[in-house]
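Below: the structure, in structure tokens.
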Amino acid sequence: MASTVFPAASAGKTMYRVTLTSGTSYTVPTGALYLNVTLYGGGGGAGGCQANTGGNGASSNGSSGGSTTFTGATSASGGSGGARQNNGAGGNAQSTGTGTAATANSGLGGESAEYLCYSGGGVPFNFTSGKGMDGNVVSSTLSSTPGGTIAYAIGASGGGGSGNTSGVDGGSGGSGKIDIEYWA
Amino acid sequence: MERTFAVIENSIVENIIVGVEDEVVAANPTKYVEYFKESPAHIGLGWNESTGFEQPVEE
């Protein structure tokens, strides 16, 4: 349940912060009557990069990150997946860079995949897929019952899109997290 | 390492989350399905376009 009055700090109370990165149930600490929670949705994965189709399977878009939820708080949706790069330029790959995965529990989007090749005429082509979008960040204040339990879910990372045959995969997003601040 | 689960409601993947307690999965076997990101097709169910989950594009 949401609080309509911002709680004033009480004399003699100490502020605490904790980050939830996994699990499904939070036990409210002794003396905590209000919780300030910030939810980070899972980051989206970057698209895959396929720049030499010639019969190879197409690359795919990155997947969206999962939503992070905490009963009583506003949910944070995951970031959208990045667009694929699927170009039929052909030629031989000179360098490829698999997108780097975002750090776990950061809610950040995955890094784009990159593909550099030269066409038959020696013209260089540099292809980059779409980066995964960062997860949404939402803060809420809710009243809480000390000793009670609150259900929550950490949004998963969005998977990076596949580069498919001879292609390059996009980086996966970072899973979400929940920051909790309370006075006790 | 936390296992990843798809949250399924009305035959649609509504969310993908990190970590669910074993007893919760056991009590709701059709709602929580372990998800393997390497092969999204393992789920074999519909994707909820309104929440932004997309299927791999096939040509």
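Identifiers for the structure tokens are assigned positionally: chains receive A, B, ... in sequence, residues are indexed from 1 per chain, and ligands are indexed from 1 in the order shown.
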
Q: Find the spatial neighbours of Ser63 (chain A), counting only C-alpha atoms, within a cut-off of 6 Å - ignore same-chain residues fewer than 3 positions away - and output them as a list in words.
A: Gly44, Gly45, Gly81, Gly158 and Gly159 of chain A

Q: With a cut-off of 7 Å and counting only C-alpha atoms, select all residues of chain A in contact with chain B and give the selection as a list of chain:residue names.
A: A:Ser22, A:Gly23, A:Thr24, A:Ala58, A:Ser60, A:Asn61, A:Ser63, A:Ser64, A:Gly66, A:Ser67, A:Ser80, A:Ala153, A:Ile154, A:Gly155, A:Ala156, A:Gly159

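Nearest-residue note for Pro29 (chain A): choosing from A:Gly72, A:Ala184, A:Thr141, A:Tyr118, the minimum distance belongs to A:Ala184, counting only C-alpha atoms.
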
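CA of Ser143 (chain A) is positioned 6.2 Å from CA of Leu35 (chain A).
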
Q | Nearby residues (only C-alpha atoms) at most 6 Å from region 126-136 of chain A, same-chain spacing under 6 positions excluded, as a PyMOL selection string | A | chain A and resi 40-47+49+76-85+107-116
